[in-house]
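Undergrad: Structure: run_7.cif, mmCIF, N, CA and C atoms.
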```cif
data_my_file
loop_
_atom_site.label_atom_id
_atom_site.label_comp_id
_atom_site.auth_asym_id
_atom_site.auth_seq_id
_atom_site.Cartn_x
_atom_site.Cartn_y
_atom_site.Cartn_z
N MET P 25 0.84 -1.17 0.00
CA MET P 25 0.00 0.00 0.00
C MET P 25 0.89 1.23 0.00
N GLY P 26 0.52 2.22 -0.79
CA GLY P 26 1.31 3.43 -0.87
C GLY P 26 1.04 4.35 0.31
N GLY P 27 1.84 5.35 0.44
CA GLY P 27 1.66 6.29 1.54
C GLY P 27 2.45 7.55 1.27
N ASN P 28 2.35 8.47 2.18
CA ASN P 28 3.04 9.74 2.06
C ASN P 28 3.49 10.14 3.46
N ASP P 29 4.76 10.38 3.64
CA ASP P 29 5.32 10.77 4.94
C ASP P 29 5.39 12.28 5.14
N LEU P 30 4.89 13.05 4.17
CA LEU P 30 4.95 14.50 4.25
C LEU P 30 4.07 15.00 5.40
N PRO P 31 4.61 15.78 6.33
CA PRO P 31 3.80 16.32 7.43
C PRO P 31 2.72 17.26 6.91
N LEU P 32 1.54 17.19 7.50
CA LEU P 32 0.47 18.09 7.10
C LEU P 32 0.73 19.48 7.66
N GLU P 33 0.48 20.49 6.82
CA GLU P 33 0.69 21.88 7.21
C GLU P 33 -0.53 22.70 6.85
N PRO P 34 -0.80 23.79 7.60
CA PRO P 34 -1.94 24.64 7.27
C PRO P 34 -1.92 25.05 5.80
N GLY P 35 -3.10 24.99 5.17
CA GLY P 35 -3.24 25.35 3.76
C GLY P 35 -3.27 24.16 2.83
N MET P 36 -2.79 23.00 3.28
CA MET P 36 -2.83 21.80 2.45
C MET P 36 -4.27 21.27 2.40
N ALA P 37 -4.65 20.75 1.25
CA ALA P 37 -5.99 20.17 1.07
C ALA P 37 -5.84 18.71 0.66
N PHE P 38 -6.78 17.88 1.13
CA PHE P 38 -6.77 16.48 0.73
C PHE P 38 -8.17 15.90 0.90
N SER P 39 -8.35 14.69 0.40
CA SER P 39 -9.65 14.05 0.50
C SER P 39 -9.61 12.91 1.51
N VAL P 40 -10.75 12.71 2.17
CA VAL P 40 -10.96 11.61 3.08
C VAL P 40 -12.03 10.75 2.41
N GLU P 41 -11.71 9.50 2.08
CA GLU P 41 -12.59 8.70 1.24
C GLU P 41 -12.88 7.31 1.82
N PRO P 42 -13.66 7.22 2.90
CA PRO P 42 -14.02 5.88 3.37
C PRO P 42 -14.97 5.22 2.38
N GLY P 43 -14.91 3.91 2.28
CA GLY P 43 -15.79 3.19 1.36
C GLY P 43 -16.19 1.84 1.90
N VAL P 44 -17.24 1.30 1.31
CA VAL P 44 -17.70 -0.05 1.64
C VAL P 44 -17.98 -0.76 0.32
N TYR P 45 -17.59 -2.03 0.23
CA TYR P 45 -17.73 -2.77 -1.02
C TYR P 45 -18.28 -4.16 -0.74
N ARG P 46 -19.22 -4.59 -1.55
CA ARG P 46 -19.75 -5.95 -1.51
C ARG P 46 -19.13 -6.68 -2.68
N SER P 47 -18.30 -7.66 -2.42
CA SER P 47 -17.55 -8.37 -3.45
C SER P 47 -18.47 -8.87 -4.56
N GLY P 48 -18.17 -8.46 -5.77
CA GLY P 48 -18.93 -8.89 -6.94
C GLY P 48 -20.30 -8.25 -7.07
N ARG P 49 -20.64 -7.32 -6.18
CA ARG P 49 -21.98 -6.74 -6.22
C ARG P 49 -21.95 -5.23 -6.43
N TRP P 50 -21.47 -4.49 -5.44
CA TRP P 50 -21.50 -3.03 -5.54
C TRP P 50 -20.54 -2.42 -4.52
N GLY P 51 -20.37 -1.14 -4.65
CA GLY P 51 -19.54 -0.42 -3.70
C GLY P 51 -20.02 1.00 -3.55
N ALA P 52 -19.65 1.63 -2.49
CA ALA P 52 -20.01 3.04 -2.26
C ALA P 52 -18.84 3.72 -1.54
N ARG P 53 -18.63 4.95 -1.89
CA ARG P 53 -17.55 5.72 -1.28
C ARG P 53 -18.07 7.13 -1.00
N ILE P 54 -17.75 7.64 0.18
CA ILE P 54 -18.07 9.02 0.53
C ILE P 54 -16.77 9.81 0.48
N GLU P 55 -16.79 10.91 -0.23
CA GLU P 55 -15.58 11.71 -0.35
C GLU P 55 -15.78 13.07 0.30
N ASP P 56 -14.92 13.42 1.22
CA ASP P 56 -14.91 14.74 1.84
C ASP P 56 -13.58 15.40 1.53
N ILE P 57 -13.63 16.66 1.14
CA ILE P 57 -12.42 17.44 0.91
C ILE P 57 -12.22 18.33 2.14
N VAL P 58 -11.01 18.31 2.68
CA VAL P 58 -10.69 19.11 3.86
C VAL P 58 -9.43 19.92 3.61
N VAL P 59 -9.32 21.04 4.31
CA VAL P 59 -8.12 21.88 4.28
C VAL P 59 -7.55 21.90 5.69
N VAL P 60 -6.26 21.69 5.80
CA VAL P 60 -5.58 21.71 7.09
C VAL P 60 -5.52 23.15 7.59
N THR P 61 -5.87 23.33 8.88
CA THR P 61 -5.77 24.64 9.53
C THR P 61 -4.82 24.52 10.71
N ALA P 62 -4.55 25.61 11.36
CA ALA P 62 -3.69 25.57 12.55
C ALA P 62 -4.34 24.80 13.69
N ASP P 63 -5.69 24.69 13.66
CA ASP P 63 -6.42 24.02 14.73
C ASP P 63 -6.94 22.63 14.36
N GLY P 64 -6.69 22.18 13.15
CA GLY P 64 -7.20 20.86 12.71
C GLY P 64 -7.47 20.88 11.22
N VAL P 65 -8.74 20.63 10.86
CA VAL P 65 -9.12 20.67 9.46
C VAL P 65 -10.44 21.43 9.30
N GLU P 66 -10.65 21.98 8.11
CA GLU P 66 -11.90 22.64 7.77
C GLU P 66 -12.51 21.88 6.60
N PRO P 67 -13.70 21.31 6.77
CA PRO P 67 -14.32 20.59 5.65
C PRO P 67 -14.83 21.58 4.60
N LEU P 68 -14.66 21.23 3.34
CA LEU P 68 -15.17 22.07 2.25
C LEU P 68 -16.52 21.58 1.75
N ASN P 69 -16.85 20.31 2.00
CA ASN P 69 -18.14 19.76 1.58
C ASN P 69 -19.22 20.24 2.55
N THR P 70 -20.40 20.46 2.04
CA THR P 70 -21.51 20.91 2.88
C THR P 70 -22.69 19.94 2.86
N ARG P 71 -22.56 18.81 2.20
CA ARG P 71 -23.65 17.83 2.13
C ARG P 71 -23.73 17.06 3.44
N PRO P 72 -24.96 16.67 3.85
CA PRO P 72 -25.12 15.88 5.07
C PRO P 72 -24.56 14.47 4.91
N HIS P 73 -24.27 13.82 6.02
CA HIS P 73 -23.73 12.45 6.01
C HIS P 73 -24.73 11.41 6.51
N GLU P 74 -25.96 11.83 6.75
CA GLU P 74 -26.97 10.90 7.24
C GLU P 74 -27.27 9.85 6.18
N LEU P 75 -27.58 8.64 6.65
CA LEU P 75 -27.92 7.54 5.76
C LEU P 75 -29.32 7.75 5.20
N THR P 76 -29.46 7.62 3.89
CA THR P 76 -30.77 7.69 3.24
C THR P 76 -31.07 6.31 2.68
N VAL P 77 -32.15 5.71 3.16
CA VAL P 77 -32.54 4.37 2.70
C VAL P 77 -33.57 4.55 1.59
N LEU P 78 -33.27 4.00 0.41
CA LEU P 78 -34.17 4.08 -0.73
C LEU P 78 -35.01 2.81 -0.83
N PRO P 79 -36.26 2.93 -1.30
CA PRO P 79 -37.06 1.72 -1.45
C PRO P 79 -36.45 0.79 -2.50
N ALA P 80 -36.58 -0.51 -2.26
CA ALA P 80 -36.01 -1.50 -3.18
C ALA P 80 -36.83 -1.62 -4.45
#
```
Output the structure of this file as structure tokens.
TA:
Amino acid sequence: MGGNDLPLEPGMAFSVEPGVYRSGRWGARIEDIVVVTADGVEPLNTRPHELTVLPA
């Protein structure tokens, strides 16, 4: 697995992309873009993260 040892610094932006996959069936990934600040991170996405269940 690849990686990056570069320390995070204020002003840097990156994505956080957790995902779930059903082998041979389907997958889903949520992508959030964040910017590093002096106090942590600031999310740039404004969409909610609540689960929406659709009828089958």
Undergrad: Just give me the gap between atom C of Ile54 in chain P and CA of Ser39 in chain P in Å, one decimal is fine.
TA: 8.3 Å
Undergrad: Where does the PyMOL selection byres ((chain P and resi 55) around 6.5) land in this file, that is, which residues does it pick, as an MDAnalysis selection string?
TA: chainID P and resid 39:42 53:54 56:57
Undergrad: For range 30-38 of chain P, work out the shell of residues within 10 Å, counting only C-alpha atoms and skipping chain neighbours fewer than 2 positions away, then give it as a PyMOL selection string.
TA: chain P and resi 27-28+40-41+56-68
Undergrad: Please identify which residues in chain P DSSP calls strand (DSSP E or B) from the backbone, and express them as a short mmCIF file (atom, residue, chain, number, x, y, z; two decimals) with N, CA and C atoms, keeping the file's coordinate frame.
TA:
```
data_model
loop_
_atom_site.label_atom_id
_atom_site.label_comp_id
_atom_site.auth_asym_id
_atom_site.auth_seq_id
_atom_site.Cartn_x
_atom_site.Cartn_y
_atom_site.Cartn_z
N ALA P 37 -4.65 20.75 1.25
CA ALA P 37 -5.99 20.17 1.07
C ALA P 37 -5.84 18.71 0.66
N PHE P 38 -6.78 17.88 1.13
CA PHE P 38 -6.77 16.48 0.73
C PHE P 38 -8.17 15.90 0.90
N SER P 39 -8.35 14.69 0.40
CA SER P 39 -9.65 14.05 0.50
C SER P 39 -9.61 12.91 1.51
N VAL P 40 -10.75 12.71 2.17
CA VAL P 40 -10.96 11.61 3.08
C VAL P 40 -12.03 10.75 2.41
N GLY P 43 -14.91 3.91 2.28
CA GLY P 43 -15.79 3.19 1.36
C GLY P 43 -16.19 1.84 1.90
N VAL P 44 -17.24 1.30 1.31
CA VAL P 44 -17.70 -0.05 1.64
C VAL P 44 -17.98 -0.76 0.32
N TYR P 45 -17.59 -2.03 0.23
CA TYR P 45 -17.73 -2.77 -1.02
C TYR P 45 -18.28 -4.16 -0.74
N ARG P 46 -19.22 -4.59 -1.55
CA ARG P 46 -19.75 -5.95 -1.51
C ARG P 46 -19.13 -6.68 -2.68
N TRP P 50 -21.47 -4.49 -5.44
CA TRP P 50 -21.50 -3.03 -5.54
C TRP P 50 -20.54 -2.42 -4.52
N GLY P 51 -20.37 -1.14 -4.65
CA GLY P 51 -19.54 -0.42 -3.70
C GLY P 51 -20.02 1.00 -3.55
N ALA P 52 -19.65 1.63 -2.49
CA ALA P 52 -20.01 3.04 -2.26
C ALA P 52 -18.84 3.72 -1.54
N ARG P 53 -18.63 4.95 -1.89
CA ARG P 53 -17.55 5.72 -1.28
C ARG P 53 -18.07 7.13 -1.00
N ASP P 56 -14.92 13.42 1.22
CA ASP P 56 -14.91 14.74 1.84
C ASP P 56 -13.58 15.40 1.53
N ILE P 57 -13.63 16.66 1.14
CA ILE P 57 -12.42 17.44 0.91
C ILE P 57 -12.22 18.33 2.14
N VAL P 58 -11.01 18.31 2.68
CA VAL P 58 -10.69 19.11 3.86
C VAL P 58 -9.43 19.92 3.61
N VAL P 59 -9.32 21.04 4.31
CA VAL P 59 -8.12 21.88 4.28
C VAL P 59 -7.55 21.90 5.69
N VAL P 60 -6.26 21.69 5.80
CA VAL P 60 -5.58 21.71 7.09
C VAL P 60 -5.52 23.15 7.59
N THR P 61 -5.87 23.33 8.88
CA THR P 61 -5.77 24.64 9.53
C THR P 61 -4.82 24.52 10.71
N GLY P 64 -6.69 22.18 13.15
CA GLY P 64 -7.20 20.86 12.71
C GLY P 64 -7.47 20.88 11.22
N VAL P 65 -8.74 20.63 10.86
CA VAL P 65 -9.12 20.67 9.46
C VAL P 65 -10.44 21.43 9.30
N GLU P 66 -10.65 21.98 8.11
CA GLU P 66 -11.90 22.64 7.77
C GLU P 66 -12.51 21.88 6.60
N PRO P 67 -13.70 21.31 6.77
CA PRO P 67 -14.32 20.59 5.65
C PRO P 67 -14.83 21.58 4.60
#
```
Undergrad: Between CA of Ala52 in chain P and CA of Val77 in chain P, what distance in Å does the model show, to one decimal?
TA: 13.5 Å
